[in-house]
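**Q** Coordinates in structure.cif, mmCIF, C-alpha atoms, are listed below.
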```cif
data_final
loop_
_atom_site.label_atom_id
_atom_site.label_comp_id
_atom_site.auth_asym_id
_atom_site.auth_seq_id
_atom_site.Cartn_x
_atom_site.Cartn_y
_atom_site.Cartn_z
CA MET S 1 -44.07 9.46 2.69
CA ARG S 2 -41.53 7.15 4.24
CA ASN S 3 -39.01 8.88 6.45
CA GLN S 4 -35.37 8.51 5.49
CA VAL S 5 -32.59 8.28 8.02
CA HIS S 6 -29.31 9.92 7.06
CA PHE S 7 -26.24 7.80 7.79
CA ASN S 8 -22.55 8.40 7.29
CA ARG S 9 -21.43 6.35 4.30
CA ARG S 10 -18.47 5.10 6.35
CA ARG S 11 -20.32 3.35 9.19
CA PHE S 12 -19.16 0.15 10.85
CA LEU S 13 -20.05 -2.34 13.52
CA ARG S 14 -16.98 -2.75 15.67
CA GLY S 15 -16.15 -5.63 17.96
CA THR S 16 -13.22 -7.80 19.03
CA GLY S 17 -10.88 -5.68 16.97
CA ILE S 18 -12.65 -6.32 13.67
CA ALA S 19 -14.68 -3.74 11.73
CA LEU S 20 -17.65 -4.97 9.67
CA SER S 21 -19.25 -2.64 7.17
CA ILE S 22 -23.03 -2.31 7.48
CA PRO S 23 -24.83 -3.58 4.33
CA PHE S 24 -26.94 -1.23 2.26
CA LEU S 25 -30.35 -0.58 3.85
CA GLU S 26 -33.35 1.23 2.39
CA ALA S 27 -33.09 3.75 5.21
CA PHE S 28 -29.73 4.93 3.85
CA SER S 29 -30.35 7.99 1.67
CA PHE S 30 -27.39 7.59 -0.68
CA ALA S 31 -27.38 9.16 -4.13
CA LYS S 32 -29.32 7.02 -6.61
CA THR S 33 -27.43 5.22 -9.32
CA ASN S 34 -28.37 2.90 -12.18
CA ALA S 35 -25.58 0.49 -11.36
CA PRO S 36 -24.03 -0.89 -8.18
CA SER S 37 -21.09 0.99 -6.73
CA ALA S 38 -17.74 -0.32 -7.80
CA PRO S 39 -15.39 -1.50 -5.05
CA LYS S 40 -12.61 0.88 -4.10
CA ARG S 41 -9.01 -0.28 -4.42
CA MET S 42 -5.55 0.89 -3.35
CA VAL S 43 -2.03 0.37 -4.67
CA CYS S 44 1.07 1.61 -2.81
CA ILE S 45 4.40 1.82 -4.66
CA GLY S 46 7.70 2.67 -3.00
CA ASN S 47 11.42 2.46 -3.60
CA SER S 48 14.44 2.44 -1.32
CA PHE S 49 16.22 5.63 -2.32
CA GLY S 50 13.55 8.21 -3.11
CA MET S 51 13.86 10.41 -6.20
CA TYR S 52 16.50 13.01 -7.08
CA GLN S 53 14.70 16.05 -5.69
CA PRO S 54 15.94 18.83 -8.04
CA GLN S 55 14.57 16.90 -11.04
CA PHE S 56 11.45 15.61 -9.34
CA PHE S 57 9.72 18.53 -7.61
CA PRO S 58 8.26 21.29 -9.85
CA LYS S 59 9.37 24.85 -9.14
CA THR S 60 5.85 26.32 -9.09
CA ALA S 61 2.59 25.27 -7.45
CA GLY S 62 -0.86 24.80 -8.94
CA ALA S 63 -2.21 23.15 -12.08
CA ASP S 64 0.03 24.99 -14.55
CA TYR S 65 3.35 23.81 -13.18
CA GLN S 66 6.08 22.79 -15.62
CA LEU S 67 6.81 19.08 -15.70
CA THR S 68 10.26 18.23 -14.39
CA PRO S 69 12.47 15.63 -16.11
CA LEU S 70 11.36 12.88 -13.69
CA LEU S 71 7.67 13.75 -14.13
CA LYS S 72 7.90 14.01 -17.92
CA PRO S 73 7.11 10.27 -18.45
CA LEU S 74 3.74 10.94 -16.77
CA GLU S 75 2.78 13.77 -19.13
CA LYS S 76 -0.18 11.96 -20.71
CA HIS S 77 -1.62 11.40 -17.20
CA ARG S 78 -1.09 14.98 -16.07
CA ARG S 79 -4.74 15.45 -15.02
CA ASP S 80 -4.81 12.10 -13.26
CA PHE S 81 -2.14 12.70 -10.62
CA THR S 82 -1.02 15.29 -8.10
CA VAL S 83 2.51 15.86 -6.83
CA PHE S 84 2.95 16.86 -3.18
CA SER S 85 5.89 18.81 -1.77
CA HIS S 86 6.89 18.96 1.91
CA LEU S 87 5.01 15.85 3.08
CA ASP S 88 6.88 13.48 5.38
CA HIS S 89 6.69 11.72 8.74
CA GLY S 90 9.10 13.88 10.71
CA VAL S 91 11.38 10.89 11.33
CA LYS S 92 15.16 10.58 11.09
CA GLY S 93 17.45 7.66 10.44
CA GLY S 94 18.33 7.62 6.75
CA HIS S 95 18.18 4.11 5.34
CA TYR S 96 16.97 2.76 8.66
CA ALA S 97 13.84 4.94 8.58
CA ILE S 98 12.74 4.00 5.06
CA HIS S 99 10.52 1.29 6.52
CA SER S 100 8.27 4.00 8.01
CA PHE S 101 7.00 5.05 4.56
CA LEU S 102 3.54 3.45 4.83
CA SER S 103 3.25 3.51 8.62
CA GLY S 104 4.61 6.91 9.62
CA VAL S 105 6.27 5.17 12.57
CA LYS S 106 9.79 3.81 12.93
CA TYR S 107 9.92 0.21 14.07
CA SER S 108 11.86 1.26 17.19
CA ASP S 109 9.03 3.63 18.18
CA ALA S 110 6.15 1.25 17.46
CA ALA S 111 5.62 0.14 21.08
CA ALA S 112 4.61 3.67 22.08
CA MET S 113 1.88 3.93 19.41
CA PRO S 114 -1.70 2.67 19.94
CA SER S 115 -1.65 0.79 16.63
CA GLY S 116 2.05 0.05 16.55
CA ASN S 117 3.62 0.57 13.16
CA ILE S 118 0.89 -1.03 11.06
CA SER S 119 1.24 0.11 7.46
CA LEU S 120 -1.45 1.76 5.37
CA ASP S 121 -1.99 -1.24 3.12
CA GLN S 122 -2.32 -3.66 6.03
CA ARG S 123 -4.77 -1.43 7.90
CA MET S 124 -6.92 -1.41 4.76
CA ALA S 125 -6.55 -5.18 4.43
CA GLU S 126 -7.86 -5.64 7.99
CA VAL S 127 -11.20 -4.19 6.94
CA VAL S 128 -11.71 -4.78 3.21
CA GLY S 129 -9.44 -7.81 2.77
CA ILE S 130 -12.18 -10.21 3.86
CA GLU S 131 -14.03 -9.48 0.62
CA THR S 132 -11.42 -11.05 -1.67
CA ARG S 133 -9.40 -14.23 -1.99
CA ILE S 134 -6.19 -12.38 -1.13
CA PRO S 135 -6.50 -9.72 1.60
CA SER S 136 -3.51 -7.84 0.22
CA LEU S 137 -0.73 -8.45 -2.27
CA THR S 138 2.69 -7.48 -0.95
CA VAL S 139 5.12 -7.59 -3.85
CA GLY S 140 8.81 -6.74 -4.20
CA SER S 141 12.35 -7.98 -3.99
CA GLU S 142 13.38 -9.85 -0.84
CA ASN S 143 16.26 -9.14 1.53
CA GLY S 144 18.95 -6.90 0.16
CA LEU S 145 21.04 -3.92 1.09
CA HIS S 146 19.79 -2.16 4.26
CA GLY S 147 17.19 -4.86 4.95
CA GLY S 148 15.52 -5.14 1.56
CA CYS S 149 11.74 -4.78 1.43
CA MET S 150 10.32 -3.59 4.73
CA MET S 151 7.36 -1.47 3.62
CA SER S 152 4.39 -3.50 4.90
CA TRP S 153 3.84 -4.18 8.63
CA THR S 154 1.12 -5.87 10.64
CA ARG S 155 -0.53 -4.40 13.72
CA THR S 156 1.75 -6.55 15.91
CA GLY S 157 4.92 -5.18 14.30
CA VAL S 158 5.68 -8.14 12.03
CA ARG S 159 7.08 -7.40 8.59
CA VAL S 160 4.96 -8.80 5.77
CA PRO S 161 7.45 -10.61 3.51
CA PRO S 162 6.98 -9.76 -0.17
CA ILE S 163 6.19 -12.06 -3.06
CA GLN S 164 9.58 -11.98 -4.73
CA GLY S 165 9.09 -12.25 -8.47
CA PRO S 166 6.55 -12.37 -11.31
CA ARG S 167 6.56 -16.18 -11.42
CA GLU S 168 5.67 -16.45 -7.73
CA LEU S 169 3.06 -13.71 -8.07
CA PHE S 170 1.51 -15.45 -11.09
CA ARG S 171 1.27 -18.73 -9.17
CA LYS S 172 -0.26 -16.98 -6.17
CA LEU S 173 -2.98 -15.56 -8.41
CA PHE S 174 -3.73 -18.42 -10.78
CA LEU S 175 -2.37 -21.84 -9.77
CA ASP S 176 -4.47 -24.21 -7.67
CA GLU S 177 -2.94 -26.96 -5.57
CA GLY S 178 -5.27 -29.62 -7.01
CA LYS S 179 -7.79 -31.72 -5.09
CA ALA S 180 -5.20 -33.50 -2.96
CA GLY S 181 -3.42 -30.27 -2.17
CA ASN S 182 -6.68 -28.53 -1.34
CA ALA S 183 -7.69 -31.34 1.04
CA LYS S 184 -4.34 -31.08 2.84
CA ALA S 185 -4.75 -27.32 3.06
CA VAL S 186 -8.18 -27.67 4.65
CA ASP S 187 -6.72 -30.12 7.18
CA ARG S 188 -3.93 -27.66 7.96
CA PHE S 189 -6.46 -24.89 8.53
CA ALA S 190 -8.50 -27.10 10.88
CA LEU S 191 -5.38 -28.06 12.85
CA ARG S 192 -4.27 -24.48 13.19
CA GLY S 193 -7.74 -23.51 14.37
CA SER S 194 -7.77 -26.18 17.10
CA ILE S 195 -4.29 -25.13 18.30
CA LEU S 196 -5.39 -21.52 18.53
CA ASP S 197 -8.52 -22.52 20.49
CA ALA S 198 -6.41 -24.39 23.02
CA VAL S 199 -3.74 -21.71 23.40
CA GLN S 200 -6.30 -18.92 23.76
CA GLY S 201 -8.08 -20.86 26.52
CA ASP S 202 -4.83 -21.20 28.47
CA ALA S 203 -4.04 -17.51 27.95
CA GLU S 204 -7.45 -16.40 29.23
CA SER S 205 -6.97 -18.49 32.35
CA LEU S 206 -3.53 -16.96 32.88
CA GLY S 207 -4.96 -13.46 32.44
CA LYS S 208 -6.80 -13.68 35.76
CA ARG S 209 -3.54 -13.90 37.71
CA ILE S 210 -1.22 -11.32 36.12
CA SER S 211 -0.32 -7.65 36.56
CA GLY S 212 -1.64 -4.74 34.55
CA ARG S 213 1.56 -4.47 32.49
CA ASP S 214 1.49 -8.16 31.66
CA ARG S 215 -2.22 -7.90 30.86
CA LYS S 216 -1.37 -5.32 28.19
CA LYS S 217 1.08 -7.76 26.65
CA LEU S 218 -1.57 -10.47 26.81
CA ASP S 219 -4.09 -8.19 25.08
CA GLU S 220 -1.57 -7.69 22.27
CA TYR S 221 -1.25 -11.47 22.07
CA PHE S 222 -5.03 -11.87 21.84
CA SER S 223 -5.05 -9.33 19.05
CA SER S 224 -2.53 -11.36 17.07
CA VAL S 225 -4.50 -14.56 17.76
CA ARG S 226 -7.68 -12.97 16.41
CA ASP S 227 -5.77 -11.85 13.33
CA VAL S 228 -4.50 -15.39 12.69
CA GLU S 229 -7.99 -16.84 13.26
CA ARG S 230 -9.48 -14.43 10.76
CA ARG S 231 -6.87 -15.28 8.14
CA ILE S 232 -7.40 -19.02 8.67
CA GLN S 233 -11.15 -18.64 8.25
CA GLN S 234 -10.69 -16.61 5.09
CA ARG S 235 -8.22 -19.06 3.54
CA ALA S 236 -10.47 -22.01 4.36
CA ARG S 237 -13.44 -20.28 2.72
CA TRP S 238 -11.56 -19.56 -0.52
CA GLN S 239 -9.79 -22.93 -0.63
CA ALA S 240 -12.92 -24.57 -2.02
CA ILE S 241 -13.31 -21.99 -4.80
CA PRO S 242 -11.11 -22.55 -7.88
CA LYS S 243 -8.77 -19.74 -8.83
CA PRO S 244 -9.50 -17.88 -12.06
CA LYS S 245 -7.94 -19.09 -15.28
CA ALA S 246 -4.76 -17.28 -16.23
CA PRO S 247 -5.19 -14.90 -19.17
CA ILE S 248 -1.43 -14.88 -19.82
CA GLU S 249 1.42 -17.39 -19.83
CA GLU S 250 3.42 -17.84 -16.65
CA PRO S 251 6.27 -15.32 -16.70
CA ARG S 252 9.77 -16.28 -15.67
CA ASN S 253 11.86 -14.42 -13.16
CA LYS S 254 14.64 -12.48 -14.83
CA ASN S 255 15.97 -9.55 -12.80
CA LEU S 256 14.31 -6.64 -11.04
CA VAL S 257 14.81 -4.21 -13.92
CA ASP S 258 13.16 -6.52 -16.47
CA ASP S 259 10.64 -7.87 -13.94
CA ILE S 260 9.03 -4.51 -13.11
CA PRO S 261 6.69 -4.48 -16.16
CA ASP S 262 5.55 -8.04 -15.38
CA LEU S 263 4.95 -7.19 -11.73
CA TYR S 264 2.85 -4.18 -12.68
CA GLU S 265 0.86 -6.24 -15.20
CA LEU S 266 0.11 -8.95 -12.63
CA ILE S 267 -0.94 -6.41 -10.02
CA ALA S 268 -3.30 -4.85 -12.57
CA LEU S 269 -4.72 -8.30 -13.38
CA ALA S 270 -5.22 -9.04 -9.68
CA LEU S 271 -7.25 -5.85 -9.31
CA GLU S 272 -9.17 -6.44 -12.54
CA ILE S 273 -10.32 -9.95 -11.57
CA ASP S 274 -10.94 -8.81 -7.97
CA SER S 275 -8.56 -11.33 -6.42
CA THR S 276 -7.47 -8.47 -4.19
CA ARG S 277 -8.28 -4.80 -3.70
CA ILE S 278 -5.10 -3.87 -1.84
CA ALA S 279 -1.59 -4.18 -3.28
CA SER S 280 1.87 -2.83 -2.60
CA LEU S 281 5.05 -2.94 -4.64
CA GLU S 282 8.43 -2.12 -3.15
CA LEU S 283 11.55 -1.80 -5.27
CA ALA S 284 14.57 -2.40 -3.05
CA GLY S 285 17.69 -0.91 -4.55
CA ALA S 286 20.12 -3.79 -4.08
CA ASN S 287 18.48 -6.02 -6.69
CA PHE S 288 18.53 -3.50 -9.55
CA ASN S 289 20.78 -4.75 -12.33
CA THR S 290 21.79 -1.26 -13.43
CA GLY S 291 24.01 -2.68 -16.17
CA LEU S 292 20.85 -3.36 -18.15
CA LEU S 293 20.39 0.42 -18.31
CA ASP S 294 24.02 0.87 -19.42
CA LEU S 295 25.07 2.10 -15.99
CA LYS S 296 28.38 1.10 -14.43
CA LYS S 297 27.47 1.74 -10.78
CA GLY S 298 24.80 0.20 -8.58
CA TYR S 299 21.64 1.99 -7.45
CA HIS S 300 22.93 2.60 -3.91
CA ALA S 301 26.22 4.01 -5.14
CA LEU S 302 24.46 6.32 -7.59
CA SER S 303 22.08 7.55 -4.90
CA HIS S 304 25.14 8.70 -2.92
CA HIS S 305 26.16 10.84 -5.87
CA GLY S 306 28.27 13.36 -3.93
CA GLN S 307 27.08 16.06 -6.40
CA ASP S 308 29.09 14.33 -9.13
CA GLN S 309 27.29 15.11 -12.39
CA GLY S 310 28.04 11.72 -13.88
CA ASN S 311 26.51 9.94 -10.89
CA ILE S 312 23.50 12.26 -10.94
CA ALA S 313 22.94 11.58 -14.64
CA GLY S 314 23.04 7.83 -13.96
CA LEU S 315 20.66 8.15 -11.00
CA VAL S 316 18.18 10.20 -13.02
CA LYS S 317 18.33 7.66 -15.85
CA LEU S 318 17.49 4.86 -13.44
CA GLU S 319 14.68 6.84 -11.82
CA THR S 320 13.31 7.87 -15.22
CA TYR S 321 13.02 4.18 -16.05
CA GLN S 322 10.97 3.68 -12.89
CA MET S 323 8.68 6.57 -13.83
CA MET S 324 8.22 5.18 -17.34
CA GLN S 325 7.05 1.85 -15.91
CA PHE S 326 4.79 3.66 -13.46
CA SER S 327 3.25 5.58 -16.36
CA LYS S 328 2.59 2.32 -18.23
CA PHE S 329 0.90 0.96 -15.11
CA LEU S 330 -1.45 3.96 -15.09
CA ASP S 331 -2.06 3.31 -18.81
CA ARG S 332 -3.04 -0.25 -17.96
CA LEU S 333 -5.45 0.79 -15.21
CA LYS S 334 -7.07 3.38 -17.48
CA SER S 335 -7.60 0.77 -20.21
CA VAL S 336 -10.04 -1.28 -18.09
CA LYS S 337 -13.62 0.01 -18.11
CA GLY S 338 -15.80 -0.72 -15.10
CA VAL S 339 -19.05 0.24 -13.46
CA ASN S 340 -20.77 3.43 -14.66
CA GLY S 341 -18.08 3.96 -17.29
CA GLU S 342 -15.37 4.29 -14.68
CA THR S 343 -11.92 2.98 -15.40
CA LEU S 344 -9.94 0.78 -13.05
CA LEU S 345 -7.80 3.85 -12.33
CA ASP S 346 -10.93 5.76 -11.27
CA GLN S 347 -11.59 2.99 -8.75
CA THR S 348 -7.97 2.64 -7.63
CA ALA S 349 -6.03 5.20 -5.61
CA VAL S 350 -2.33 4.80 -6.47
CA LEU S 351 0.27 6.17 -4.06
CA PHE S 352 3.84 6.46 -5.34
CA GLY S 353 6.70 7.52 -3.09
CA SER S 354 9.45 6.52 -0.70
CA GLY S 355 10.51 6.74 2.91
CA MET S 356 13.71 8.42 1.70
CA GLY S 357 13.81 12.09 0.79
CA ASN S 358 17.45 12.72 -0.08
CA ALA S 359 19.52 9.55 -0.24
CA ASN S 360 22.77 11.46 -0.75
CA ALA S 361 22.25 13.32 2.55
CA HIS S 362 20.47 10.42 4.31
CA THR S 363 17.42 12.55 5.11
CA ASN S 364 13.81 11.41 5.41
CA SER S 365 12.13 14.79 4.88
CA ASP S 366 10.37 16.17 1.78
CA LEU S 367 9.38 12.73 0.55
CA PRO S 368 8.59 12.35 -3.18
CA ILE S 369 4.82 11.76 -3.12
CA ILE S 370 2.45 11.26 -6.05
CA LEU S 371 -1.24 10.38 -5.76
CA ALA S 372 -2.99 9.15 -8.90
CA GLY S 373 -6.52 8.00 -9.71
CA GLY S 374 -8.98 6.98 -7.03
CA GLY S 375 -11.73 9.29 -8.22
CA TYR S 376 -9.98 12.36 -6.79
CA ARG S 377 -9.74 15.83 -8.30
CA LEU S 378 -6.07 15.87 -9.22
CA GLY S 379 -3.74 17.45 -11.76
CA GLU S 380 -1.66 19.89 -9.73
CA HIS S 381 1.47 20.42 -7.69
CA ARG S 382 0.42 20.99 -4.10
CA VAL S 383 3.09 22.72 -2.04
CA MET S 384 2.45 22.13 1.64
CA PRO S 385 3.85 24.42 4.37
CA SER S 386 7.60 24.02 4.83
CA MET S 387 7.94 25.73 8.22
CA LYS S 388 8.33 23.15 10.99
CA ALA S 389 5.50 24.58 13.10
CA GLN S 390 3.09 24.40 10.16
CA ARG S 391 4.17 21.18 8.48
CA VAL S 392 1.45 18.71 7.51
CA PRO S 393 2.15 15.03 8.29
CA LEU S 394 2.07 12.61 5.38
CA CYS S 395 -0.18 10.49 7.61
CA ASN S 396 -2.93 13.09 7.11
CA LEU S 397 -3.05 11.94 3.50
CA PHE S 398 -3.20 8.35 4.77
CA VAL S 399 -6.23 9.14 6.95
CA SER S 400 -7.98 10.58 3.87
CA LEU S 401 -7.12 7.45 1.88
CA LEU S 402 -8.44 5.20 4.66
CA GLN S 403 -11.70 7.10 4.81
CA ARG S 404 -12.06 6.85 1.03
CA MET S 405 -11.96 3.05 1.51
CA GLY S 406 -14.83 3.32 3.99
CA ILE S 407 -12.62 2.93 7.07
CA GLU S 408 -13.77 5.37 9.70
CA ASP S 409 -10.35 5.98 11.28
CA ASP S 410 -9.63 9.56 12.27
CA ARG S 411 -6.01 8.92 13.29
CA PHE S 412 -3.12 7.05 11.71
CA GLY S 413 0.50 7.17 12.80
CA HIS S 414 1.31 10.76 13.79
CA SER S 415 -1.57 12.32 11.83
CA THR S 416 -3.32 15.48 12.99
CA GLY S 417 -6.45 14.99 10.85
CA THR S 418 -7.27 14.51 7.18
CA LEU S 419 -5.52 16.25 4.30
CA THR S 420 -7.46 19.42 3.55
CA GLY S 421 -8.32 20.22 -0.06
CA LEU S 422 -8.30 16.60 -1.25
CA GLU S 423 -11.68 16.11 -2.94
CA LEU S 424 -13.43 13.27 -4.71
CA VAL S 425 -15.13 13.93 -8.04
CA GLY S 426 -18.93 14.08 -7.79
#
```
Could you take the file, read its structure, and then write that structure out as structure tokens?

**A**
Amino acid sequence: MRNQVHFNRRRFLRGTGIALSIPFLEAFSFAKTNAPSAPKRMVCIGNSFGMYQPQFFPKTAGADYQLTPLLKPLEKHRRDFTVFSHLDHGVKGGHYAIHSFLSGVKYSDAAAMPSGNISLDQRMAEVVGIETRIPSLTVGSENGLHGGCMMSWTRTGVRVPPIQGPRELFRKLFLDEGKAGNAKAVDRFALRGSILDAVQGDAESLGKRISGRDRKKLDEYFSSVRDVERRIQQRARWQAIPKPKAPIEEPRNKNLVDDIPDLYELIALALEIDSTRIASLELAGANFNTGLLDLKKGYHALSHHGQDQGNIAGLVKLETYQMMQFSKFLDRLKSVKGVNGETLLDQTAVLFGSGMGNANAHTNSDLPIILAGGGYRLGEHRVMPSMKAQRVPLCNLFVSLLQRMGIEDDRFGHSTGTLTGLELVG
């Protein structure tokens, strides 16, 4: 009888800063299945001002908690999501710390961290992004109040600018440049590659004559060069392959309130046709046209409600609208059947939250966190320890999400391990 060697399912060859997953070998004693494993996907959704905590967090823990007003739109998906209380990054700074939501690290503290302030979506894109035409979709409104969308960050501390509207997202997914445009693109990729070759050669020569501190800076530079090289190679490979035909008409940009359903639909399409497996959507408050919801004040003004009941009612109405659209997005993912009878939601872990806990008080603690789908056992309100000495970092959840994607990281941001009690079905 042939001997079988037991391997960890998350095993990688690592070199020059890039992780390559080992292909399936007969020696791997994985559970047998009648169909190939479906790829795992991740969607991260965040907003600028959090959620009104008294109407978001349930009062009791466990599976039998009573849905709060802001969770009520998700009632039909009750067994498909879990709400977490007392998860955060332990950072301070109000609006200026919101950008740490997916990284766990404030931009000003990034230099002291081994991986800088790279965000969860971009770390996943480094490993699994090579498998798809688009390594990751970063979607949202552009610059606005308090810096606009600043949720996604590269390893070198560069903000990933978002695709700004449904029209631009549609074109990114479905419109080719034509033969002439493709030829020019290939030429651009070749030129960029030759420039990088030349610059890297000069940098390596310089590296022999510099101090240890400067060598560290040079290593960071090499890391960014390798990242650019990898992206150029990937774009050149996909440039010759036509984009899929659009199953819908090109949407027009309207305003952020009316655009949210279109953005969700296009993200779902991108996952369904496997143009990407990683996506993020950030809803920056400045571009909400609250008048469309019959509100007289802007999102930022409502978030600073000052305990005024009228302002609170307006804020909850706006946030309820967001939750309704989020619920429809989960509907959409559940409607797509995949491998082994799984739905697209079973294959896709969806993280909903914010880097802001209480916008009225400018605090970044007790972040509103929901995890849906992804093949996890969900359907409860998990209350994490609230005492400072026992608090669990939100980044522990991120480590678990990374490992679900097959990324063998055991640290992320200020994590202390994985999130205990988070289990996959089967």

**Q** Would you write out, as a list in words, every residue that the PyMOL selection byres ((chain S and resi 173) around 9) captures in this file?

**A**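 Residues picked by the PyMOL selection byres ((chain S and resi 173) around 9): Ile134, Glu168, Leu169, Phe170, Arg171, Lys172, Phe174, Leu175, Asp176, Lys243, Pro244, Ala246, Leu266, Leu269, Ala270 and Ser275 of chain S.
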
**Q** Find the residue from S:Ile260, S:Leu351, S:Leu70, S:Leu330 that sits nearest to Lys317 of chain S; use only C-alpha atoms when measuring.

**A** S:Leu70

**Q** Counting all atoms listed in the file, which residue out of S:Gly140, S:Gly62, S:Pro73, S:Pro368 sits closest to Gly285 of chain S?

**A**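 Closest residue, counting all atoms listed in the file: S:Gly140.
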
**Q** Between S:Phe49, S:Phe412, S:Trp153, S:Phe57, which residue has the minimum interatomic distance to Asp366 of chain S, considering all atoms listed in the file?

**A**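 The answer is S:Phe57, which sits nearest to Asp366 of chain S.
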
**Q** Restricting the calculation to all atoms listed in the file, which member of S:Thr60, S:Ser303, S:Ser280, S:Ser400 is positioned closest to Asn360 of chain S?

**A**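 Using all atoms listed in the file, the shortest distance to Asn360 of chain S belongs to S:Ser303.
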
**Q** What's around Gly90 of chain S at 12 Å? Count only C-alpha atoms, leave out sequence neighbours fewer than 3 positions away in its own chain, and write the answer as a ChimeraX atom specification.

**A** /S:86-87,93-94,97-98,100-101,104-106,355-357,363-367,386,388-389,391-395,413-415

**Q** Counting all atoms listed in the file, which residue out of S:Ser354, S:Gly421, S:Asp346, S:Lys59 sits closest to His89 of chain S?

**A**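 The answer is S:Ser354, which sits nearest to His89 of chain S.
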
**Q** Report as a list of chain:residue names the residues that result from applying the PyMOL selection byres ((chain S and resi 314) around 10) to the structure here.

**A**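 That selection, the PyMOL selection byres ((chain S and resi 314) around 10), comes back as S:Thr290, S:Leu293, S:Asp294, S:Leu295, S:Lys296, S:Lys297, S:Gly298, S:Tyr299, S:Leu302, S:Ser303, S:His305, S:Gln309, S:Gly310, S:Asn311, S:Ile312, S:Ala313, S:Leu315, S:Val316, S:Lys317, S:Leu318, S:Glu319, S:Thr320.
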
**Q** Just to be explicit: take each residue in the selection above, keep C-alpha atoms, and write the result as a PDB file, in the coordinates of the input.

**A**
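The resulting file, part_25.pdb, is reproduced below:
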```pdb
ATOM      1  CA  THR S 290      21.790  -1.260 -13.430  1.00  0.00           C
ATOM      2  CA  LEU S 293      20.390   0.420 -18.310  1.00  0.00           C
ATOM      3  CA  ASP S 294      24.020   0.870 -19.420  1.00  0.00           C
ATOM      4  CA  LEU S 295      25.070   2.100 -15.990  1.00  0.00           C
ATOM      5  CA  LYS S 296      28.380   1.100 -14.430  1.00  0.00           C
ATOM      6  CA  LYS S 297      27.470   1.740 -10.780  1.00  0.00           C
ATOM      7  CA  GLY S 298      24.800   0.200  -8.580  1.00  0.00           C
ATOM      8  CA  TYR S 299      21.640   1.990  -7.450  1.00  0.00           C
ATOM      9  CA  LEU S 302      24.460   6.320  -7.590  1.00  0.00           C
ATOM     10  CA  SER S 303      22.080   7.550  -4.900  1.00  0.00           C
ATOM     11  CA  HIS S 305      26.160  10.840  -5.870  1.00  0.00           C
ATOM     12  CA  GLN S 309      27.290  15.110 -12.390  1.00  0.00           C
ATOM     13  CA  GLY S 310      28.040  11.720 -13.880  1.00  0.00           C
ATOM     14  CA  ASN S 311      26.510   9.940 -10.890  1.00  0.00           C
ATOM     15  CA  ILE S 312      23.500  12.260 -10.940  1.00  0.00           C
ATOM     16  CA  ALA S 313      22.940  11.580 -14.640  1.00  0.00           C
ATOM     17  CA  LEU S 315      20.660   8.150 -11.000  1.00  0.00           C
ATOM     18  CA  VAL S 316      18.180  10.200 -13.020  1.00  0.00           C
ATOM     19  CA  LYS S 317      18.330   7.660 -15.850  1.00  0.00           C
ATOM     20  CA  LEU S 318      17.490   4.860 -13.440  1.00  0.00           C
ATOM     21  CA  GLU S 319      14.680   6.840 -11.820  1.00  0.00           C
ATOM     22  CA  THR S 320      13.310   7.870 -15.220  1.00  0.00           C
TER      23      THR S 320
END
```

**Q** Under the PyMOL selection byres ((chain S and resi 409) around 12), which residues of this model are included? Write them out as a ChimeraX atom specification.

**A** /S:10-12,14,19,115,120,123-124,127,395-396,398-408,410-413,415-418

**Q** What lies within 10 Å of Glu131 of chain S using only C-alpha atoms, ignoring chain neighbours under 3 positions off, as JSON, numbers by chain?

**A** {"S": [39, 125, 127, 128, 134, 135, 234, 274, 275, 276, 277]}

**Q** Do a neighbour search on Pro162 of chain S at 9 Å with only C-alpha atoms, toss out local chain neighbours closer than 3 positions, and write the hits as a VMD selection string.

**A** chain S and resid 137 to 142 149 to 150 152 165 280 to 282

**Q** Residues of segment 343-412 of chain S that have any atom at most 7 Å from an atom of segment 82-85 of chain S: could you tabulate them with the shortest-distance atom pair and the distance in Å to one decimal, using all atoms listed in the file, ordered by chain and increasing number, as a tab-separated table?

**A**
```
residue	atom	partner	partner_atom	distance
S:Asp366	CA	S:Ser85	CA	6.3
S:Ile369	CA	S:Phe84	CA	5.4
S:Ile370	CA	S:Val83	CA	4.7
S:Leu371	CA	S:Thr82	CA	5.4
S:Ala372	CA	S:Thr82	CA	6.5
S:Leu378	CA	S:Thr82	CA	5.2
S:Gly379	CA	S:Thr82	CA	5.0
S:Glu380	CA	S:Thr82	CA	4.9
S:His381	CA	S:Val83	CA	4.8
S:Arg382	CA	S:Phe84	CA	4.9
S:Val383	CA	S:Ser85	CA	4.8
S:Met384	CA	S:Ser85	CA	5.9
```

**Q** Take every atom of segment 35-48 of chain S listed in the file, fit an axis-aligned box around them, add 5 Å per side, and give the centre and edge lengths in Å to one decimal as AutoDock Vina command-line options.

**A**
```
--center_x -5.6 --center_y 0.6 --center_z -6.3 --size_x 50.0 --size_y 14.2 --size_z 20.0
```

**Q** Go through S:Gly116, S:Gly291, S:Pro166, S:Gly50 one by one, measure the shortest atom-to-atom distance of each to His95 of chain S using only C-alpha atoms, and give the residue with the smallest value.

**A** S:Gly50

**Q** Residues around (18.2, -4.4, -8.5), cut-off 8 Å, counting only C-alpha atoms - what are they as a list in words?

**A**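 So the residues meeting the distance criterion are Asn255, Leu256, Val257, Leu283, Ala284, Gly285, Ala286, Asn287, Phe288, Asn289, Thr290 and Tyr299 of chain S.
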
**Q** So how far away is atom CA of Pro251 of chain S from atom CA of Gly129 of chain S, in Å?

**A**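 The value is 26.1 Å.
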
**Q** Would you mind reading off the distance between atom CA of Ala38 of chain S and atom CA of Ile130 of chain S, one decimal, in Å?

**A**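 For atom CA of Ala38 of chain S relative to atom CA of Ile130 of chain S, the distance reads 16.3 Å.
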